[in-house]
Structures are given as structure tokens and as C-alpha cells.
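What follows is coords-v2.cif (mmCIF, C-alpha atoms).
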data_target
loop_
_atom_site.group_PDB
_atom_site.id
_atom_site.type_symbol
_atom_site.label_atom_id
_atom_site.label_comp_id
_atom_site.auth_asym_id
_atom_site.auth_seq_id
_atom_site.Cartn_x
_atom_site.Cartn_y
_atom_site.Cartn_z
ATOM 1 C CA MET R 139 83.848 86.343 86.053
ATOM 2 C CA SER R 140 86.625 88.511 84.586
ATOM 3 C CA TRP R 141 84.789 91.537 86.025
ATOM 4 C CA ILE R 142 85.900 90.452 89.512
ATOM 5 C CA LEU R 143 89.582 90.700 88.549
ATOM 6 C CA PHE R 144 89.075 94.147 86.994
ATOM 7 C CA ALA R 145 87.217 95.298 90.111
ATOM 8 C CA ILE R 146 89.901 93.978 92.476
ATOM 9 C CA ILE R 147 92.724 95.691 90.552
ATOM 10 C CA SER R 148 90.694 98.887 90.496
ATOM 11 C CA TYR R 149 90.123 98.803 94.254
ATOM 12 C CA PHE R 150 93.835 98.174 94.874
ATOM 13 C CA LEU R 151 94.721 101.280 92.873
ATOM 14 C CA ASN R 152 91.998 103.186 94.730
ATOM 15 C CA ALA R 153 93.557 102.151 98.041
ATOM 16 C CA VAL R 154 96.871 103.636 96.890
ATOM 17 C CA THR R 155 95.207 106.880 95.845
ATOM 18 C CA ALA R 156 93.226 107.040 99.111
ATOM 19 C CA ILE R 157 96.453 107.306 101.106
ATOM 20 C CA ILE R 158 97.718 110.097 98.876
ATOM 21 C CA ASP R 159 94.295 111.776 98.999
ATOM 22 C CA LYS R 160 94.429 112.033 102.774
ATOM 23 C CA PHE R 161 97.835 113.712 102.569
ATOM 24 C CA LEU R 162 96.599 116.117 99.897
ATOM 25 C CA LEU R 163 93.488 117.071 101.838
ATOM 26 C CA ASN R 164 95.528 117.803 104.956
ATOM 27 C CA LYS R 165 98.453 119.538 103.303
ATOM 28 C CA SER R 166 97.853 120.739 99.781
ATOM 29 C CA VAL R 167 94.184 120.966 98.831
ATOM 30 C CA PRO R 168 92.257 122.326 101.828
ATOM 31 C CA SER R 169 89.016 122.965 99.908
ATOM 32 C CA PRO R 170 86.672 120.103 98.838
ATOM 33 C CA LYS R 171 85.270 122.473 96.205
ATOM 34 C CA ALA R 172 88.723 122.925 94.684
ATOM 35 C CA TYR R 173 89.484 119.219 94.908
ATOM 36 C CA ALA R 174 86.275 118.234 93.105
ATOM 37 C CA PHE R 175 86.824 120.983 90.523
ATOM 38 C CA TYR R 176 90.289 119.795 89.551
ATOM 39 C CA VAL R 177 89.197 116.154 89.461
ATOM 40 C CA GLY R 178 86.395 117.168 87.104
ATOM 41 C CA LEU R 179 88.688 119.392 85.072
ATOM 42 C CA LEU R 180 91.154 116.550 84.534
ATOM 43 C CA SER R 181 88.360 114.571 82.884
ATOM 44 C CA ILE R 182 89.186 116.525 79.733
ATOM 45 C CA PHE R 183 92.136 114.179 79.269
ATOM 46 C CA ALA R 184 89.605 111.572 78.154
ATOM 47 C CA VAL R 185 90.168 113.165 74.714
ATOM 48 C CA VAL R 186 93.046 110.679 74.357
ATOM 49 C CA PHE R 187 90.337 108.122 73.571
ATOM 50 C CA LEU R 188 89.055 110.079 70.556
ATOM 51 C CA PRO R 189 91.071 108.071 67.974
ATOM 52 C CA PHE R 190 89.946 104.765 69.500
ATOM 53 C CA GLY R 191 86.295 104.626 68.564
ATOM 54 C CA VAL R 192 84.611 107.669 70.080
ATOM 55 C CA VAL R 193 81.535 108.568 68.024
ATOM 56 C CA TRP R 194 78.648 111.016 68.160
ATOM 57 C CA PRO R 195 75.716 108.741 69.119
ATOM 58 C CA GLY R 196 73.080 111.441 68.860
ATOM 59 C CA LEU R 197 72.014 114.266 71.173
ATOM 60 C CA LEU R 198 69.728 112.188 73.408
ATOM 61 C CA SER R 199 72.375 109.490 73.869
ATOM 62 C CA VAL R 200 75.037 112.072 74.696
ATOM 63 C CA ILE R 201 72.798 113.714 77.298
ATOM 64 C CA LYS R 202 72.184 110.287 78.821
ATOM 65 C CA ASP R 203 75.945 109.575 78.861
ATOM 66 C CA LEU R 204 76.735 112.918 80.495
ATOM 67 C CA ILE R 205 74.530 112.222 83.530
ATOM 68 C CA PRO R 206 76.784 109.639 85.282
ATOM 69 C CA GLY R 207 79.724 112.020 84.829
ATOM 70 C CA ILE R 208 77.804 114.845 86.485
ATOM 71 C CA ILE R 209 76.777 112.504 89.308
ATOM 72 C CA PHE R 210 80.412 111.456 89.732
ATOM 73 C CA PHE R 211 81.526 115.072 90.080
ATOM 74 C CA TRP R 212 79.126 115.643 92.972
ATOM 75 C CA LEU R 213 80.025 112.261 94.429
ATOM 76 C CA VAL R 214 83.645 113.409 94.653
ATOM 77 C CA PHE R 215 82.606 116.704 96.247
ATOM 78 C CA PHE R 216 80.408 115.046 98.899
ATOM 79 C CA PHE R 217 82.996 112.352 99.647
ATOM 80 C CA VAL R 218 85.850 114.820 100.051
ATOM 81 C CA THR R 219 83.640 117.060 102.203
ATOM 82 C CA ALA R 220 82.814 114.095 104.442
ATOM 83 C CA VAL R 221 86.470 113.055 104.765
ATOM 84 C CA LYS R 222 87.587 116.616 105.387
ATOM 85 C CA LYS R 223 85.100 117.180 108.230
ATOM 86 C CA ASN R 224 85.251 113.726 109.844
ATOM 87 C CA GLU R 225 87.706 110.910 110.486
ATOM 88 C CA VAL R 226 88.184 108.891 107.314
ATOM 89 C CA SER R 227 87.606 105.536 109.062
ATOM 90 C CA ARG R 228 84.169 106.585 110.305
ATOM 91 C CA VAL R 229 83.102 108.046 106.967
ATOM 92 C CA VAL R 230 84.252 104.985 105.020
ATOM 93 C CA THR R 231 82.430 102.681 107.440
ATOM 94 C CA MET R 232 79.099 104.401 106.941
ATOM 95 C CA ILE R 233 79.497 104.748 103.177
ATOM 96 C CA GLY R 234 80.651 101.138 102.897
ATOM 97 C CA GLY R 235 77.562 99.976 104.748
ATOM 98 C CA PHE R 236 74.930 102.072 102.991
ATOM 99 C CA ALA R 237 76.212 102.326 99.390
ATOM 100 C CA PRO R 238 75.860 98.606 98.465
ATOM 101 C CA ILE R 239 72.364 98.508 99.972
ATOM 102 C CA PHE R 240 71.323 101.605 98.016
ATOM 103 C CA THR R 241 72.869 100.100 94.864
ATOM 104 C CA LEU R 242 71.052 96.808 95.343
ATOM 105 C CA GLY R 243 67.753 98.645 95.802
ATOM 106 C CA LEU R 244 68.225 100.904 92.788
ATOM 107 C CA SER R 245 69.345 97.959 90.619
ATOM 108 C CA PHE R 246 66.206 96.054 91.578
ATOM 109 C CA PHE R 247 63.841 98.925 90.783
ATOM 110 C CA ILE R 248 65.580 100.076 87.588
ATOM 111 C CA PHE R 249 66.946 96.856 86.073
ATOM 112 C CA HIS R 250 64.820 94.337 87.999
ATOM 113 C CA GLU R 251 68.068 92.581 88.902
ATOM 114 C CA ARG R 252 67.876 89.924 91.588
ATOM 115 C CA LEU R 253 70.879 88.227 93.107
ATOM 116 C CA ARG R 254 70.938 84.435 93.190
ATOM 117 C CA ASN R 255 71.077 82.804 96.630
ATOM 118 C CA LEU R 256 74.855 82.332 96.691
ATOM 119 C CA HIS R 257 75.466 85.773 95.254
ATOM 120 C CA PHE R 258 73.122 87.290 97.826
ATOM 121 C CA ALA R 259 75.114 85.538 100.556
ATOM 122 C CA ALA R 260 78.325 86.822 98.968
ATOM 123 C CA PHE R 261 76.849 90.327 98.906
ATOM 124 C CA GLY R 262 76.063 90.141 102.626
ATOM 125 C CA LEU R 263 79.532 88.840 103.528
ATOM 126 C CA LEU R 264 81.279 91.452 101.399
ATOM 127 C CA VAL R 265 79.320 94.289 102.979
ATOM 128 C CA LEU R 266 79.862 92.849 106.486
ATOM 129 C CA GLY R 267 83.588 92.455 105.857
ATOM 130 C CA GLY R 268 83.847 95.951 104.400
ATOM 131 C CA VAL R 269 82.129 97.516 107.406
ATOM 132 C CA LEU R 270 84.103 95.436 109.920
ATOM 133 C CA ILE R 271 87.474 96.280 108.404
ATOM 134 C CA SER R 272 86.737 100.008 108.471
ATOM 135 C CA LEU R 273 85.383 100.172 112.035
ATOM 136 C CA LYS R 274 87.618 102.099 114.395
ATOM 137 C CA ARG R 275 88.281 101.373 118.067
ATOM 138 C CA SER R 276 88.697 104.191 120.580
ATOM 139 C CA GLY R 277 89.690 102.106 123.555
ATOM 140 C CA VAL R 278 90.281 98.551 124.712
ATOM 141 C CA GLY R 279 87.605 96.458 123.041
ATOM 142 C CA GLU R 280 85.473 99.507 122.274
ATOM 143 C CA ILE R 281 84.338 100.143 118.731
ATOM 144 C CA LYS R 282 84.256 103.814 117.880
ATOM 145 C CA ASN R 283 82.081 104.773 114.979
ATOM 146 C CA ARG R 284 80.108 107.768 116.100
ATOM 147 C CA LEU R 285 79.590 110.680 113.786
ATOM 148 C CA ALA R 286 78.085 114.080 114.435
ATOM 149 C CA PRO R 287 74.623 114.541 112.877
ATOM 150 C CA SER R 288 76.191 116.550 110.040
ATOM 151 C CA GLY R 289 78.729 113.769 109.508
ATOM 152 C CA ILE R 290 75.971 111.152 109.331
ATOM 153 C CA SER R 291 73.925 113.133 106.801
ATOM 154 C CA ILE R 292 76.853 113.889 104.475
ATOM 155 C CA SER R 293 78.061 110.271 104.663
ATOM 156 C CA VAL R 294 74.625 108.838 103.850
ATOM 157 C CA LEU R 295 74.250 111.350 101.011
ATOM 158 C CA THR R 296 77.657 110.298 99.678
ATOM 159 C CA ALA R 297 76.640 106.631 99.895
ATOM 160 C CA PHE R 298 73.497 107.390 97.890
ATOM 161 C CA PHE R 299 75.533 109.192 95.217
ATOM 162 C CA PHE R 300 77.895 106.205 95.068
ATOM 163 C CA ALA R 301 74.888 103.971 94.397
ATOM 164 C CA LEU R 302 73.424 106.437 91.921
ATOM 165 C CA TYR R 303 76.693 106.513 90.009
ATOM 166 C CA TYR R 304 77.089 102.710 89.874
ATOM 167 C CA VAL R 305 73.537 102.208 88.626
ATOM 168 C CA SER R 306 73.619 105.086 86.113
ATOM 169 C CA ALA R 307 76.977 103.842 84.776
ATOM 170 C CA LYS R 308 75.546 100.345 84.388
ATOM 171 C CA PHE R 309 72.600 101.882 82.521
ATOM 172 C CA ILE R 310 74.711 103.686 79.910
ATOM 173 C CA PHE R 311 77.175 100.802 79.511
ATOM 174 C CA SER R 312 74.258 98.476 78.795
ATOM 175 C CA ASP R 313 73.480 100.511 75.669
ATOM 176 C CA ASP R 314 74.597 99.602 72.140
ATOM 177 C CA GLN R 315 77.466 102.113 72.224
ATOM 178 C CA THR R 316 81.054 100.926 72.614
ATOM 179 C CA PHE R 317 82.651 101.116 76.049
ATOM 180 C CA ILE R 318 85.263 103.674 74.921
ATOM 181 C CA SER R 319 82.706 106.032 73.390
ATOM 182 C CA THR R 320 80.332 105.825 76.360
ATOM 183 C CA PHE R 321 83.184 106.322 78.834
ATOM 184 C CA PHE R 322 84.407 109.389 76.933
ATOM 185 C CA TRP R 323 81.034 111.136 76.991
ATOM 186 C CA SER R 324 80.517 110.339 80.672
ATOM 187 C CA ARG R 325 83.875 111.981 81.446
ATOM 188 C CA MET R 326 82.735 115.046 79.576
ATOM 189 C CA GLY R 327 79.850 115.214 82.036
ATOM 190 C CA SER R 328 82.325 115.634 84.921
ATOM 191 C CA PHE R 329 84.283 118.209 82.930
ATOM 192 C CA LEU R 330 81.178 120.298 82.216
ATOM 193 C CA ALA R 331 80.076 120.049 85.861
ATOM 194 C CA ALA R 332 83.477 121.386 86.929
ATOM 195 C CA LEU R 333 83.195 124.350 84.591
ATOM 196 C CA ALA R 334 79.639 125.025 85.742
ATOM 197 C CA ILE R 335 80.593 125.610 89.395
ATOM 198 C CA LEU R 336 82.887 128.458 88.305
ATOM 199 C CA LEU R 337 79.691 130.419 87.783
ATOM 200 C CA ILE R 338 79.344 130.591 91.588
ATOM 201 C CA PRO R 339 81.576 133.516 92.718
ATOM 202 C CA SER R 340 82.328 132.192 96.225
ATOM 203 C CA TRP R 341 83.297 128.779 94.852
ATOM 204 C CA ARG R 342 85.486 130.393 92.199
ATOM 205 C CA VAL R 343 87.455 132.222 94.924
ATOM 206 C CA LYS R 344 87.970 128.967 96.859
ATOM 207 C CA ILE R 345 89.105 127.098 93.759
ATOM 208 C CA PHE R 346 91.699 129.595 92.569
ATOM 209 C CA GLY R 347 92.860 130.229 96.126
ATOM 210 C CA ALA R 348 93.558 126.510 96.584
ATOM 211 C CA ARG R 349 95.784 126.517 93.506
ATOM 212 C CA LYS R 350 98.152 128.947 95.234
ATOM 213 C CA THR R 351 98.086 126.916 98.450
ATOM 214 C CA ALA R 352 98.949 123.633 96.770
ATOM 215 C CA GLY R 353 102.235 124.778 95.251
ATOM 216 C CA THR R 354 104.304 122.934 92.648
ATOM 217 C CA ARG R 355 104.994 119.844 94.743
ATOM 218 C CA GLY R 356 101.387 119.459 95.849
ATOM 219 C CA GLY R 357 100.170 120.000 92.294
ATOM 220 C CA ALA R 358 102.551 117.362 90.907
ATOM 221 C CA LEU R 359 101.482 114.856 93.553
ATOM 222 C CA PHE R 360 97.817 115.603 92.859
ATOM 223 C CA LEU R 361 98.316 115.085 89.109
ATOM 224 C CA THR R 362 100.218 111.816 89.600
ATOM 225 C CA ASN R 363 97.556 110.580 91.980
ATOM 226 C CA LYS R 364 94.808 111.401 89.509
ATOM 227 C CA VAL R 365 96.584 109.481 86.729
ATOM 228 C CA VAL R 366 96.555 106.372 88.920
ATOM 229 C CA ALA R 367 92.951 107.115 89.921
ATOM 230 C CA ALA R 368 91.998 107.450 86.240
ATOM 231 C CA LEU R 369 93.326 103.968 85.482
ATOM 232 C CA ALA R 370 91.427 102.597 88.483
ATOM 233 C CA PHE R 371 88.298 104.399 87.311
ATOM 234 C CA ILE R 372 88.480 102.913 83.821
ATOM 235 C CA LEU R 373 88.876 99.405 85.230
ATOM 236 C CA LEU R 374 86.007 99.985 87.671
ATOM 237 C CA ASN R 375 83.667 101.164 84.913
ATOM 238 C CA TYR R 376 84.615 98.194 82.747
ATOM 239 C CA SER R 377 83.828 95.831 85.630
ATOM 240 C CA ILE R 378 80.440 97.574 86.035
ATOM 241 C CA LYS R 379 79.779 97.008 82.333
ATOM 242 C CA LEU R 380 80.595 93.298 82.618
ATOM 243 C CA GLY R 381 79.146 92.504 86.032
ATOM 244 C CA ASP R 382 76.353 93.306 88.459
ATOM 245 C CA ALA R 383 76.503 96.889 89.781
ATOM 246 C CA ALA R 384 75.490 95.874 93.313
ATOM 247 C CA LEU R 385 78.166 93.176 93.533
ATOM 248 C CA VAL R 386 80.859 95.443 92.086
ATOM 249 C CA ASN R 387 79.972 97.973 94.786
ATOM 250 C CA ALA R 388 79.940 95.312 97.513
ATOM 251 C CA ILE R 389 83.440 94.176 96.555
ATOM 252 C CA GLN R 390 84.663 97.590 97.711
ATOM 253 C CA GLY R 391 85.542 95.880 100.984
ATOM 254 C CA VAL R 392 88.604 94.599 99.112
ATOM 255 C CA GLN R 393 89.781 98.206 98.856
ATOM 256 C CA TYR R 394 89.685 98.553 102.650
ATOM 257 C CA ALA R 395 91.678 95.312 102.961
ATOM 258 C CA PHE R 396 94.330 96.681 100.607
ATOM 259 C CA LEU R 397 94.262 99.977 102.490
ATOM 260 C CA PHE R 398 94.868 98.162 105.783
ATOM 261 C CA CYS R 399 97.842 96.279 104.300
ATOM 262 C CA LEU R 400 99.339 99.480 102.888
ATOM 263 C CA VAL R 401 98.906 101.379 106.169
ATOM 264 C CA LEU R 402 100.458 98.439 108.036
ATOM 265 C CA PHE R 403 103.391 98.497 105.618
ATOM 266 C CA PHE R 404 103.988 102.259 105.928
ATOM 267 C CA ASP R 405 103.039 102.522 109.618
ATOM 268 C CA LYS R 406 106.585 102.842 110.986
ATOM 269 C CA LYS R 407 107.751 105.471 108.518
ATOM 270 C CA TYR R 408 104.482 107.435 108.351
ATOM 271 C CA PRO R 409 102.624 106.659 111.619
ATOM 272 C CA ASN R 410 100.042 109.425 111.089
ATOM 273 C CA ILE R 411 99.349 108.797 107.419
ATOM 274 C CA LEU R 412 95.703 107.814 108.003
ATOM 275 C CA GLU R 413 95.483 108.323 111.768
ATOM 276 C CA GLU R 414 95.263 104.563 112.324
ATOM 277 C CA LYS R 415 96.488 102.886 115.514
ATOM 278 C CA MET R 416 97.658 99.314 114.977
ATOM 279 C CA THR R 417 97.059 97.333 118.174
ATOM 280 C CA ARG R 418 96.722 93.559 118.338
ATOM 281 C CA SER R 419 92.948 93.741 118.693
ATOM 282 C CA ILE R 420 92.642 96.075 115.701
ATOM 283 C CA ILE R 421 94.846 93.840 113.554
ATOM 284 C CA ALA R 422 92.819 90.779 114.623
ATOM 285 C CA GLN R 423 89.584 92.603 113.760
ATOM 286 C CA LYS R 424 90.822 93.528 110.293
ATOM 287 C CA ILE R 425 92.232 90.055 109.592
ATOM 288 C CA LEU R 426 88.826 88.575 110.494
ATOM 289 C CA ALA R 427 87.217 91.078 108.107
ATOM 290 C CA ILE R 428 89.632 90.087 105.327
ATOM 291 C CA ILE R 429 88.726 86.421 105.858
ATOM 292 C CA ILE R 430 85.011 87.276 105.604
ATOM 293 C CA ILE R 431 85.663 89.270 102.422
ATOM 294 C CA GLY R 432 87.662 86.347 101.008
ATOM 295 C CA ILE R 433 84.779 83.948 101.658
ATOM 296 C CA GLY R 434 82.386 86.416 100.027
ATOM 297 C CA LEU R 435 84.608 86.655 96.944
ATOM 298 C CA SER R 436 84.877 82.884 96.664
ATOM 299 C CA LEU R 437 81.075 82.552 96.636
ATOM 300 C CA LEU R 438 80.912 84.780 93.553
ATOM 301 C CA TYR R 439 82.566 82.022 91.516
ATOM 302 C CA PHE R 440 79.712 79.564 92.143
#

Would it be possible to restate this file's structure as C-alpha cells?
Amino acid sequence: MSWILFAIISYFLNAVTAIIDKFLLNKSVPSPKAYAFYVGLLSIFAVVFLPFGVVWPGLLSVIKDLIPGIIFFWLVFFFVTAVKKNEVSRVVTMIGGFAPIFTLGLSFFIFHERLRNLHFAAFGLLVLGGVLISLKRSGVGEIKNRLAPSGISISVLTAFFFALYYVSAKFIFSDDQTFISTFFWSRMGSFLAALAILLIPSWRVKIFGARKTAGTRGGALFLTNKVVAALAFILLNYSIKLGDAALVNAIQGVQYAFLFCLVLFFDKKYPNILEEKMTRSIIAQKILAIIIIGIGLSLLYF
């Protein structure tokens, strides 16, 4: 069950980067197109893995490895678009609810994977806890989770791309290639996807315009954040290789728990960091969700 530890560490690092992401999207990188482009462009730094076992597995295998990277690029674009246009809590709630279900369905049809009874119960608790911890209240006792039709469609689409990425990554990591080599070629897929969107004139203007807006400080923060995100991404992919894609996705509720703790910690100094209000009822709701997630995690060890 070492994959659980790798997944948990990955989701903690993702929680840290999520806070910085929200700041960047509000202050430094106003365009989702530009954000996705630079995330994809930074995938070129996967070349550091070249001396550690990267090989040419053949044209067909490389094409297969590139696909998850391309999917990931568009996943980033859709996710950032959803967060930019809607409140992050609402978007995360919908994605957190739909993505594990999509992943479970795709895993069943592609890999014929079926969760054992306890693991299925764990899956349900993890998804429930993840949704509960990301629900937002608008008033006393009222849960606020309404999205505009456009917000619903982009969030569901993002959830599907999350599932598509998890399952496609599991597919390539199940091959005979080494993890390092497969990971390298998948990163090249994101890099090529980033270069490809430069062929669209209107997107090219947005991308290079955002570079001027970000400035030196914003660019440095973006780069630092992506280094942390890269480490989280490697750990996440390794956990997908070792474990069940649907369960790795379901554990994402842990990320929301970490995010809640971090927001609670920084709430006094940065009260508007993620636009979260911390009332007693909200804290009680999130603590209950963390307990549910904890029970779900414990069931994975049986």
C-alpha cells in the first residue's frame, strides 16, 4: 500500500500549489490559455531524466506515451478556465464528485477493474468526504454550490479530463517500459501540445501578452510553484502506476483536507487568499468531512 503514502504526499503538495495558483490567477496570470501554455512549456525540464534510463521504445509506444501528456495539457486549461470563471470551492466540489466516478467507469471498461467490497466502501467515503469538505455555505446552515450552466459544463468536462488522464496514465505505466522513460515521453506530450496552440493567432497574442502582465515577481512565483507541482505530479503518477487509478483519484479528498488546514493557518494574515469564510458551522462541516476521509483511508488497508 505504499501508493497511498505517495498519493497523500502528492496531494499535500498540490494543496500548497493550489493556494499559490489562486493568487497567480487573480494577480499575475489572467489568461487560462497562457497559464496552460507555460505549464506545458515547463514540461521540457523533464529532460533532466534523460541520463536516468530514458529510452526510445519505438514510434508506436512513444505516440501512446504522448497521449496522456496531451490530455493533461487540456486538463490544465479546462481546470484553470473553470476556476477563473467561477468560485474555486464550487468548481472543486463538482470536479471532486464527478472525476472519481468517471475514473471508476473508465477503469472498469478499459481495464475491467472491479473494487473489492471494502475498497468500494472506501471509494464511496472518500468521494463523500471530498465533496463535503469542498461545499461552500452562503448563509446560516445553507449550503451554496450553485454554478451557472457554463460553470457546470466546464466543471463536468474538467472532471472527465481528470478521469481520462488518470486512466490513460495507468495504461502507459502498465506497459513494460520503465517509469522514468514513460514519464519523460508523457511530459513531452504536454510540451508539444503547448507549442501547438501557438499556431492559433488569437491564443498567441494572449500568451505573450500575459508574460508582460506577470512581471518578474509573478514569473518567479509561477516558476517556484511549478517546481513544487512537478514533484507532486511525479509522486502522483508513481502512485497511479502502483495502485488503482480510481482509488488514487478518490483520495483527492485528502488534498481538500490539507487545503482547509492551510487556509485555516493563513486565514488571519491572508483572509481573502481563497475567499473562504471560517465560521463554526463551516469548520464543523470540514472536520466531519476529514473524519469521513480518514475512515475511507483506513479501509484501504484491509

Which residue out of R:Thr155, R:Gln423, R:Ser148, R:Ser181 has the minimum interatomic distance to Ser324 in chain R when all atoms listed in the file are used?
R:Ser181

Using all atoms listed in the file, determine which residues lie at most 8 Å from Val294 in chain R, disregarding the query and same-chain residues fewer than 5 positions distant; provide the list as a list of chain:residue names.
R:Met232, R:Ile233, R:Phe236

Taking C-alpha atoms for each residue, export the selection above as an mmCIF file, in the coordinates of the input.
data_model
loop_
_atom_site.group_PDB
_atom_site.id
_atom_site.type_symbol
_atom_site.label_atom_id
_atom_site.label_comp_id
_atom_site.auth_asym_id
_atom_site.auth_seq_id
_atom_site.Cartn_x
_atom_site.Cartn_y
_atom_site.Cartn_z
ATOM 1 C CA MET R 232 79.099 104.401 106.941
ATOM 2 C CA ILE R 233 79.497 104.748 103.177
ATOM 3 C CA PHE R 236 74.930 102.072 102.991
#

Please determine, counting all atoms listed in the file, which residue among R:Ile335, R:Ser340, R:Phe398, R:Ser319 has the shortest atom-to-atom distance to Leu204 in chain R.
R:Ser319

Quick one: everything within 12 Å of Thr241 in chain R, counting only C-alpha atoms, minus sequence neighbours fewer than 3 positions away in the same chain. Send it as a PDB file with C-alpha atoms, in the frame of the given file.
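The resulting file, out-v7.pdb, is reproduced below:
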ATOM      1  CA  ILE R 233      79.497 104.748 103.177  1.00  0.00           C
ATOM      2  CA  GLY R 234      80.651 101.138 102.897  1.00  0.00           C
ATOM      3  CA  GLY R 235      77.562  99.976 104.748  1.00  0.00           C
ATOM      4  CA  PHE R 236      74.930 102.072 102.991  1.00  0.00           C
ATOM      5  CA  ALA R 237      76.212 102.326  99.390  1.00  0.00           C
ATOM      6  CA  PRO R 238      75.860  98.606  98.465  1.00  0.00           C
ATOM      7  CA  LEU R 244      68.225 100.904  92.788  1.00  0.00           C
ATOM      8  CA  SER R 245      69.345  97.959  90.619  1.00  0.00           C
ATOM      9  CA  PHE R 246      66.206  96.054  91.578  1.00  0.00           C
ATOM     10  CA  PHE R 247      63.841  98.925  90.783  1.00  0.00           C
ATOM     11  CA  ILE R 248      65.580 100.076  87.588  1.00  0.00           C
ATOM     12  CA  PHE R 249      66.946  96.856  86.073  1.00  0.00           C
ATOM     13  CA  GLU R 251      68.068  92.581  88.902  1.00  0.00           C
ATOM     14  CA  ARG R 252      67.876  89.924  91.588  1.00  0.00           C
ATOM     15  CA  PHE R 261      76.849  90.327  98.906  1.00  0.00           C
ATOM     16  CA  VAL R 265      79.320  94.289 102.979  1.00  0.00           C
ATOM     17  CA  ALA R 297      76.640 106.631  99.895  1.00  0.00           C
ATOM     18  CA  PHE R 298      73.497 107.390  97.890  1.00  0.00           C
ATOM     19  CA  PHE R 299      75.533 109.192  95.217  1.00  0.00           C
ATOM     20  CA  PHE R 300      77.895 106.205  95.068  1.00  0.00           C
ATOM     21  CA  ALA R 301      74.888 103.971  94.397  1.00  0.00           C
ATOM     22  CA  LEU R 302      73.424 106.437  91.921  1.00  0.00           C
ATOM     23  CA  TYR R 303      76.693 106.513  90.009  1.00  0.00           C
ATOM     24  CA  TYR R 304      77.089 102.710  89.874  1.00  0.00           C
ATOM     25  CA  VAL R 305      73.537 102.208  88.626  1.00  0.00           C
ATOM     26  CA  SER R 306      73.619 105.086  86.113  1.00  0.00           C
ATOM     27  CA  ALA R 307      76.977 103.842  84.776  1.00  0.00           C
ATOM     28  CA  LYS R 308      75.546 100.345  84.388  1.00  0.00           C
ATOM     29  CA  ILE R 378      80.440  97.574  86.035  1.00  0.00           C
ATOM     30  CA  ASP R 382      76.353  93.306  88.459  1.00  0.00           C
ATOM     31  CA  ALA R 383      76.503  96.889  89.781  1.00  0.00           C
ATOM     32  CA  ALA R 384      75.490  95.874  93.313  1.00  0.00           C
ATOM     33  CA  LEU R 385      78.166  93.176  93.533  1.00  0.00           C
ATOM     34  CA  VAL R 386      80.859  95.443  92.086  1.00  0.00           C
ATOM     35  CA  ASN R 387      79.972  97.973  94.786  1.00  0.00           C
ATOM     36  CA  ALA R 388      79.940  95.312  97.513  1.00  0.00           C
TER      37      ALA R 388
END

Of the candidates R:Val185, R:Val230, R:Ala358, R:Ala220, which shows the shortest atom-to-atom distance to Ile271 in chain R, using only C-alpha atoms?
R:Val230

Restricting the calculation to all atoms listed in the file: of R:Val229, R:Tyr376, R:Gly207, R:Gln393, which residue gets closest to Thr316 in chain R?
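Smallest distance to Thr316 in chain R is found for R:Tyr376.
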
Neighbour list for Val193 in chain R as a list in words, cut-off 12 Å, only C-alpha atoms, skip fewer than 2 positions in-chain:
Val185, Phe187, Leu188, Pro189, Phe190, Gly191, Pro195, Gly196, Leu197, Ser199, Val200, Gln315, Thr316, Phe317, Ile318, Ser319, Thr320, Phe321, Phe322 and Trp323 of chain R

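Those residues that approach Val214 in chain R to within 8 Å, counting only C-alpha atoms, are Ala174, Phe210 and Val218 of chain R; same-chain residues fewer than 4 positions away are not listed.
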
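Rounded to one decimal, CA of Phe309 in chain R and CA of Ile182 in chain R lie 22.3 Å from each other.
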
Using the chain letters and numbers from the file, give me the residues hit by the PyMOL selection byres ((chain R and resi 328) around 8), as a PyMOL selection string.
chain R and resi 178-179+181+204+207-211+324-327+329-332

Using C-alpha atoms, can you write the selected residues to a file as an mmCIF file, keeping the file's coordinate frame?
data_model
loop_
_atom_site.group_PDB
_atom_site.id
_atom_site.type_symbol
_atom_site.label_atom_id
_atom_site.label_comp_id
_atom_site.auth_asym_id
_atom_site.auth_seq_id
_atom_site.Cartn_x
_atom_site.Cartn_y
_atom_site.Cartn_z
ATOM 1 C CA GLY R 178 86.395 117.168 87.104
ATOM 2 C CA LEU R 179 88.688 119.392 85.072
ATOM 3 C CA SER R 181 88.360 114.571 82.884
ATOM 4 C CA LEU R 204 76.735 112.918 80.495
ATOM 5 C CA GLY R 207 79.724 112.020 84.829
ATOM 6 C CA ILE R 208 77.804 114.845 86.485
ATOM 7 C CA ILE R 209 76.777 112.504 89.308
ATOM 8 C CA PHE R 210 80.412 111.456 89.732
ATOM 9 C CA PHE R 211 81.526 115.072 90.080
ATOM 10 C CA SER R 324 80.517 110.339 80.672
ATOM 11 C CA ARG R 325 83.875 111.981 81.446
ATOM 12 C CA MET R 326 82.735 115.046 79.576
ATOM 13 C CA GLY R 327 79.850 115.214 82.036
ATOM 14 C CA PHE R 329 84.283 118.209 82.930
ATOM 15 C CA LEU R 330 81.178 120.298 82.216
ATOM 16 C CA ALA R 331 80.076 120.049 85.861
ATOM 17 C CA ALA R 332 83.477 121.386 86.929
#

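In this model, the gap between CA of Val192 in chain R and CA of Leu333 in chain R comes to 22.2 Å.
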
Would you compute the distance between CA of Gly347 in chain R and CA of Ser169 in chain R? Give it in Å to one decimal.
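Distance reported for this atom pair: 9.0 Å.
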
Could you tell me which residues the PyMOL selection byres ((chain R and resi 367-375) around 6) returns for this structure, as JSON, numbers by chain?
{"R": [144, 145, 148, 151, 364, 365, 366, 376, 377, 378]}

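Taking all atoms listed in the file into account, Phe396 in chain R lies nearest to R:Ile425 out of the set R:Ile338, R:Ile425, R:Leu266, R:Leu198.
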
Point (79.4, 83.7, 104.3), cut-off 9 Å, counting only C-alpha atoms, residues as number ranges by chain:
R: 256, 259-264, 430-431, 433-434, 437

Can those selected residues be exported to a file as a short mmCIF file (atom, residue, chain, number, x, y, z; two decimals), keeping the file's coordinate frame so that it contains C-alpha atoms?
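Resulting contents of out-v1.cif:
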data_model
loop_
_atom_site.label_atom_id
_atom_site.label_comp_id
_atom_site.auth_asym_id
_atom_site.auth_seq_id
_atom_site.Cartn_x
_atom_site.Cartn_y
_atom_site.Cartn_z
CA LEU R 256 74.86 82.33 96.69
CA ALA R 259 75.11 85.54 100.56
CA ALA R 260 78.32 86.82 98.97
CA PHE R 261 76.85 90.33 98.91
CA GLY R 262 76.06 90.14 102.63
CA LEU R 263 79.53 88.84 103.53
CA LEU R 264 81.28 91.45 101.40
CA ILE R 430 85.01 87.28 105.60
CA ILE R 431 85.66 89.27 102.42
CA ILE R 433 84.78 83.95 101.66
CA GLY R 434 82.39 86.42 100.03
CA LEU R 437 81.08 82.55 96.64
#

Closest of R:Ser140, R:Ile158, R:Leu336, R:Cys399 to Leu359 in chain R - atom-to-atom distances counting all atoms listed in the file
R:Ile158

Please provide as a ChimeraX atom specification all residues within 10 Å of Leu426 in chain R, with the sequence filter that same-chain residues fewer than 5 positions apart are discarded (counting all atoms listed in the file).
/R:267,270-271,420-421,431-432
